[in-house]
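First the structure, in the form of structure tokens, and then the observations on it.
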Amino acid sequence: MSPSRPGETWRGFGNLESGPGSLREQIQTVLSKVDFQHLQKVALRTRLTQDETADPDISCIIDPSTFTHEFNNVVLEVSFSDHVYWIAKIQYTSVDASKASSNTMDIKSELATMRTVKARTNIPVPQLPIASKVPFNHLRKVAKQLAEVLFQLCGLHFDHLGQLWCSEDCDKPPEIIPVGPNNARPPSLTPQTSLEWFYAHRQDQNRRSLKDHSDDPEWRTACWVLKTAVPYIINEDRVHGPFPLCHVDLHHGNLLFDDDFNLKGVIDWSQAQTVPIERLVVSPEFIPFPAGSPETNTKILTFRSYIREHLQKCTVDKQHLEKTKCAANKVSPTLLSHIFGSKPADITHRCTYSLPHRAVFDGKLVAHLIYGDNIKWEQLVRVYGEMKIY
């Protein structure tokens with residue numbers, strides 16, 4: 001079945017709450033400043049330059065009332081008269097003038113990443129409709145496709161940690177440029193190992209968490225627990241790499257399917273970078289919700305088991321096995337399938353896919369993952385509540 005047009009299910013402002021400083025207000029502000037006629041001309045000119053078979057009399061239109069959004073960007077449909085569809089992404093979050101250069105590098109790094117992924121893997125990176133949540137009867141099919149994405153990304157590895165860069169014009173072979181925690185550029189610290197990467201990331205988050213809670217024993221304890229959890233994450237034979245390319249935000253909103261749940265694209269590579277292998281398995285799609293219903297969490301755990309099952313099959317069946325590649329490089333093979341869905345992977349999720357305001361919440365969850373019921377949170381607060389984190 002052919003895919004529907006990208007904007008067919010996009011609701012625009014329909015699902016956005018209004019109010020001062022709201023997401024709705026941010027998007028309204030940026031859309032009011034866009035010259036859509038100029039954008040349409042640029043899209044048309046680019047299409048005719050790239051596609052020699054296109055009818056020179058085609059036209060295109062961008063409807064600003066039909067859009068979806070990513071973490072930093074509003075996504076609009078570019079509709080050509082010959083039923084070809086592109087997407088246009090416009091950043092709606094404010095960019096500090098001092099960070100404008102870094103923001104430009106992020107965009108060019110995303111282009112470099114997409115070109116590299118397209119050239120070196122079978123992972124699709126087109127512009128197609130964003131899927132809704134997956135029905136239970138399609139879980140195994142979707143899990144198999146997502147496992148293939150993870151497996152191929154694991155095979156697309158590099159010797160250093162950072163973002164991909166293919167020159168200013170994005171026409172050279174990829175190289176790795178360093179970025180710091182929270183994609184800081186230039187980085188104050190350039191991690192060389194997975195241990196340094198996780199530690200730097202966690203300490204950056206801890207500083208943000210304690211900014212308004214520096215004297216609160218619970219917040220100090222949470223940050224201490226999350227910091228000292230790093231050794232539980234690390235696989236010793238992978239400390240020095242190789243480091244796979246990671247999408248960083250691989251959730252269902254960035255996975256594009258047709259009506260039969262065939263994966264047609266992975267979008268939003270804006271934060272993609274090479275990472276420790278343990279970070280590659282982190283996604284909100286793989287973690288149960290502490291307050292989730294039994295039905296919801298059963299579905300998540302089932303989905304996770306299907307992905308792990310297919311990762312194991314990939315390791316056995318594929319000619320470009322992780323194990324073979326690691327053996328060729330004389331690296332002891334801790335495989336992606338060994339890490340995925342494990343307790344250390346759950347700890348990795350809570351320590352990295354988090355936000356500063358959730359430190360206490362995640363700290364309690366990590367403490368239970370490490371200590372179980374043997375040590376109570378109140379005991380940890382008495383021990384670590386007065387300790388300095390950095």
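Each chain in the structure tokens gets a letter, A, B and so on, in the order shown; residues start at 1 in every chain, and ligands are counted from 1 in the order they appear.
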Report as a PyMOL selection string all protein, DNA and RNA residues lying within 8 Å of segment 159-176 of chain A, evaluated on only C-alpha atoms, omitting residues in the same chain fewer than 2 positions from it. chain A and resi 108-113+116+157+178-179+191-193+241-243+272-276
Mind checking DSSP for segment 95-310 of chain A and telling me the strand (DSSP E) residues as a PyMOL selection string? chain A and resi 157-158+163-165+175-177+243-246+255-257+263-266+273-274
Selection above as a file: N, CA and C atoms, as an mmCIF file, in the first residue's frame:
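result_26.cif was written with the following content:
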```cif
data_model
loop_
_atom_site.group_PDB
_atom_site.id
_atom_site.type_symbol
_atom_site.label_atom_id
_atom_site.label_comp_id
_atom_site.auth_asym_id
_atom_site.auth_seq_id
_atom_site.Cartn_x
_atom_site.Cartn_y
_atom_site.Cartn_z
ATOM 1 N N HIS A 157 30.062 2.485 13.113
ATOM 2 C CA HIS A 157 30.776 3.003 14.284
ATOM 3 C C HIS A 157 32.070 3.718 13.883
ATOM 4 N N PHE A 158 32.563 4.502 14.828
ATOM 5 C CA PHE A 158 33.747 5.333 14.612
ATOM 6 C C PHE A 158 34.675 5.207 15.817
ATOM 7 N N GLN A 163 29.988 14.529 16.895
ATOM 8 C CA GLN A 163 29.027 14.629 15.806
ATOM 9 C C GLN A 163 29.722 14.447 14.459
ATOM 10 N N LEU A 164 28.940 14.013 13.468
ATOM 11 C CA LEU A 164 29.471 13.849 12.115
ATOM 12 C C LEU A 164 29.574 15.204 11.416
ATOM 13 N N TRP A 165 30.603 15.325 10.592
ATOM 14 C CA TRP A 165 30.846 16.572 9.866
ATOM 15 C C TRP A 165 31.429 16.221 8.506
ATOM 16 N N GLU A 175 33.775 12.999 9.106
ATOM 17 C CA GLU A 175 34.727 12.950 10.198
ATOM 18 C C GLU A 175 33.974 13.284 11.483
ATOM 19 N N ILE A 176 34.610 13.084 12.620
ATOM 20 C CA ILE A 176 33.955 13.322 13.902
ATOM 21 C C ILE A 176 34.486 14.623 14.496
ATOM 22 N N ILE A 177 33.573 15.518 14.861
ATOM 23 C CA ILE A 177 33.950 16.748 15.558
ATOM 24 C C ILE A 177 33.453 16.646 17.000
ATOM 25 N N PHE A 243 32.648 3.407 18.787
ATOM 26 C CA PHE A 243 31.472 4.152 19.220
ATOM 27 C C PHE A 243 30.460 4.242 18.080
ATOM 28 N N PRO A 244 29.287 3.635 18.235
ATOM 29 C CA PRO A 244 28.297 3.628 17.150
ATOM 30 C C PRO A 244 27.599 4.968 16.996
ATOM 31 N N LEU A 245 27.071 5.198 15.801
ATOM 32 C CA LEU A 245 26.240 6.382 15.571
ATOM 33 C C LEU A 245 24.892 6.159 16.241
ATOM 34 N N CYS A 246 24.422 7.165 16.946
ATOM 35 C CA CYS A 246 23.160 7.068 17.688
ATOM 36 C C CYS A 246 22.235 8.205 17.273
ATOM 37 N N LEU A 255 9.665 7.881 13.880
ATOM 38 C CA LEU A 255 9.640 6.700 13.015
ATOM 39 C C LEU A 255 8.449 6.811 12.084
ATOM 40 N N LEU A 256 8.691 6.735 10.794
ATOM 41 C CA LEU A 256 7.657 6.989 9.806
ATOM 42 C C LEU A 256 7.219 5.687 9.142
ATOM 43 N N PHE A 257 5.925 5.408 9.206
ATOM 44 C CA PHE A 257 5.375 4.167 8.682
ATOM 45 C C PHE A 257 4.280 4.441 7.660
ATOM 46 N N LEU A 263 8.246 0.390 7.892
ATOM 47 C CA LEU A 263 9.059 1.556 8.216
ATOM 48 C C LEU A 263 9.532 2.231 6.936
ATOM 49 N N LYS A 264 9.190 3.505 6.777
ATOM 50 C CA LYS A 264 9.532 4.247 5.567
ATOM 51 C C LYS A 264 10.531 5.369 5.818
ATOM 52 N N GLY A 265 10.846 5.632 7.052
ATOM 53 C CA GLY A 265 11.813 6.694 7.289
ATOM 54 C C GLY A 265 12.058 6.914 8.769
ATOM 55 N N VAL A 266 13.251 7.421 9.079
ATOM 56 C CA VAL A 266 13.616 7.863 10.417
ATOM 57 C C VAL A 266 14.024 9.327 10.291
ATOM 58 N N GLN A 273 24.855 11.608 17.108
ATOM 59 C CA GLN A 273 26.286 11.644 17.387
ATOM 60 C C GLN A 273 26.776 10.233 17.690
ATOM 61 N N THR A 274 28.084 10.056 17.666
ATOM 62 C CA THR A 274 28.636 8.771 18.079
ATOM 63 C C THR A 274 28.654 8.741 19.604
#
```
As number ranges by chain, please: all residues of segment 18-163 of chain A that backbone DSSP puts in alpha helix (DSSP H). A: 23-32, 36-50, 100-120, 139-155
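Excluding Leu23 of chain A itself and any same-chain residue fewer than 2 positions from it, the protein and nucleic acid residues within 12 Å of it, counting only C-alpha atoms, are Gly12, Phe13, Asn15, Leu16, Glu17, Ser18, Gly19, Pro20, Gly21, Glu25, Gln26, Ile27, Gln28, Thr29, Val30, Thr68, His69, Glu70, Phe71, Asn72, Asn73, Val74, Tyr92, Thr93 and Ser94 of chain A.
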Write the residues of the selection above to a file with N, CA and C atoms, as a PDB file, in the first residue's frame.
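Generated file (result-v5.pdb):
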```pdb
ATOM      1  N   GLY A  12      -1.770  20.540  13.279  1.00  0.00           N
ATOM      2  CA  GLY A  12      -1.447  21.952  13.413  1.00  0.00           C
ATOM      3  C   GLY A  12      -1.628  22.439  14.838  1.00  0.00           C
ATOM      4  N   PHE A  13      -2.379  23.518  14.990  1.00  0.00           N
ATOM      5  CA  PHE A  13      -2.619  24.086  16.314  1.00  0.00           C
ATOM      6  C   PHE A  13      -3.695  23.324  17.086  1.00  0.00           C
ATOM      7  N   ASN A  15      -3.936  20.517  18.581  1.00  0.00           N
ATOM      8  CA  ASN A  15      -3.633  19.810  19.829  1.00  0.00           C
ATOM      9  C   ASN A  15      -2.650  20.567  20.711  1.00  0.00           C
ATOM     10  N   LEU A  16      -2.525  21.879  20.481  1.00  0.00           N
ATOM     11  CA  LEU A  16      -1.603  22.692  21.268  1.00  0.00           C
ATOM     12  C   LEU A  16      -2.354  23.637  22.192  1.00  0.00           C
ATOM     13  N   GLU A  17      -2.009  23.622  23.468  1.00  0.00           N
ATOM     14  CA  GLU A  17      -2.639  24.512  24.430  1.00  0.00           C
ATOM     15  C   GLU A  17      -2.090  25.927  24.269  1.00  0.00           C
ATOM     16  N   SER A  18      -2.957  26.905  24.503  1.00  0.00           N
ATOM     17  CA  SER A  18      -2.549  28.310  24.385  1.00  0.00           C
ATOM     18  C   SER A  18      -2.117  28.854  25.734  1.00  0.00           C
ATOM     19  N   GLY A  19      -1.500  30.024  25.703  1.00  0.00           N
ATOM     20  CA  GLY A  19      -1.063  30.681  26.929  1.00  0.00           C
ATOM     21  C   GLY A  19       0.295  31.307  26.740  1.00  0.00           C
ATOM     22  N   PRO A  20       0.645  32.286  27.595  1.00  0.00           N
ATOM     23  CA  PRO A  20       1.941  32.966  27.498  1.00  0.00           C
ATOM     24  C   PRO A  20       3.099  31.979  27.620  1.00  0.00           C
ATOM     25  N   GLY A  21       4.035  32.048  26.667  1.00  0.00           N
ATOM     26  CA  GLY A  21       5.202  31.187  26.693  1.00  0.00           C
ATOM     27  C   GLY A  21       4.946  29.758  26.279  1.00  0.00           C
ATOM     28  N   GLU A  25       2.247  29.417  21.322  1.00  0.00           N
ATOM     29  CA  GLU A  25       2.663  30.806  21.112  1.00  0.00           C
ATOM     30  C   GLU A  25       4.011  30.867  20.387  1.00  0.00           C
ATOM     31  N   GLN A  26       4.956  29.990  20.760  1.00  0.00           N
ATOM     32  CA  GLN A  26       6.261  29.972  20.099  1.00  0.00           C
ATOM     33  C   GLN A  26       6.121  29.669  18.611  1.00  0.00           C
ATOM     34  N   ILE A  27       5.280  28.677  18.294  1.00  0.00           N
ATOM     35  CA  ILE A  27       5.111  28.298  16.889  1.00  0.00           C
ATOM     36  C   ILE A  27       4.370  29.383  16.120  1.00  0.00           C
ATOM     37  N   GLN A  28       3.347  29.991  16.738  1.00  0.00           N
ATOM     38  CA  GLN A  28       2.629  31.092  16.086  1.00  0.00           C
ATOM     39  C   GLN A  28       3.581  32.233  15.754  1.00  0.00           C
ATOM     40  N   THR A  29       4.474  32.525  16.691  1.00  0.00           N
ATOM     41  CA  THR A  29       5.415  33.632  16.496  1.00  0.00           C
ATOM     42  C   THR A  29       6.342  33.374  15.316  1.00  0.00           C
ATOM     43  N   VAL A  30       6.907  32.150  15.257  1.00  0.00           N
ATOM     44  CA  VAL A  30       7.849  31.884  14.179  1.00  0.00           C
ATOM     45  C   VAL A  30       7.142  31.784  12.829  1.00  0.00           C
ATOM     46  N   THR A  68       3.326  19.543  12.011  1.00  0.00           N
ATOM     47  CA  THR A  68       3.604  18.829  13.245  1.00  0.00           C
ATOM     48  C   THR A  68       4.859  19.465  13.829  1.00  0.00           C
ATOM     49  N   HIS A  69       5.363  18.937  14.923  1.00  0.00           N
ATOM     50  CA  HIS A  69       6.548  19.569  15.512  1.00  0.00           C
ATOM     51  C   HIS A  69       7.437  18.524  16.154  1.00  0.00           C
ATOM     52  N   GLU A  70       8.738  18.842  16.181  1.00  0.00           N
ATOM     53  CA  GLU A  70       9.738  18.044  16.864  1.00  0.00           C
ATOM     54  C   GLU A  70      10.138  18.791  18.124  1.00  0.00           C
ATOM     55  N   PHE A  71      11.245  18.363  18.742  1.00  0.00           N
ATOM     56  CA  PHE A  71      11.685  18.986  19.983  1.00  0.00           C
ATOM     57  C   PHE A  71      12.040  20.459  19.784  1.00  0.00           C
ATOM     58  N   ASN A  72      12.681  20.787  18.653  1.00  0.00           N
ATOM     59  CA  ASN A  72      13.105  22.166  18.406  1.00  0.00           C
ATOM     60  C   ASN A  72      12.489  22.781  17.157  1.00  0.00           C
ATOM     61  N   ASN A  73      11.851  21.952  16.307  1.00  0.00           N
ATOM     62  CA  ASN A  73      11.437  22.418  14.989  1.00  0.00           C
ATOM     63  C   ASN A  73       9.956  22.212  14.734  1.00  0.00           C
ATOM     64  N   VAL A  74       9.379  23.135  13.959  1.00  0.00           N
ATOM     65  CA  VAL A  74       8.053  22.915  13.403  1.00  0.00           C
ATOM     66  C   VAL A  74       8.261  22.318  12.006  1.00  0.00           C
ATOM     67  N   TYR A  92      11.691  26.602  16.033  1.00  0.00           N
ATOM     68  CA  TYR A  92      10.809  27.535  16.745  1.00  0.00           C
ATOM     69  C   TYR A  92      11.364  27.927  18.115  1.00  0.00           C
ATOM     70  N   THR A  93      12.339  27.170  18.620  1.00  0.00           N
ATOM     71  CA  THR A  93      12.939  27.543  19.896  1.00  0.00           C
ATOM     72  C   THR A  93      13.940  28.658  19.656  1.00  0.00           C
ATOM     73  N   SER A  94      14.052  29.553  20.617  1.00  0.00           N
ATOM     74  CA  SER A  94      14.931  30.717  20.458  1.00  0.00           C
ATOM     75  C   SER A  94      16.391  30.279  20.502  1.00  0.00           C
TER      76      SER A  94
END
```
Selected residue, from A:Ser342, A:Thr190, A:Ser354, A:Gln271, that lies nearest to Cys223 of chain A when counting only C-alpha atoms: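 So, comparing all the options, the nearest one is A:Ser354.
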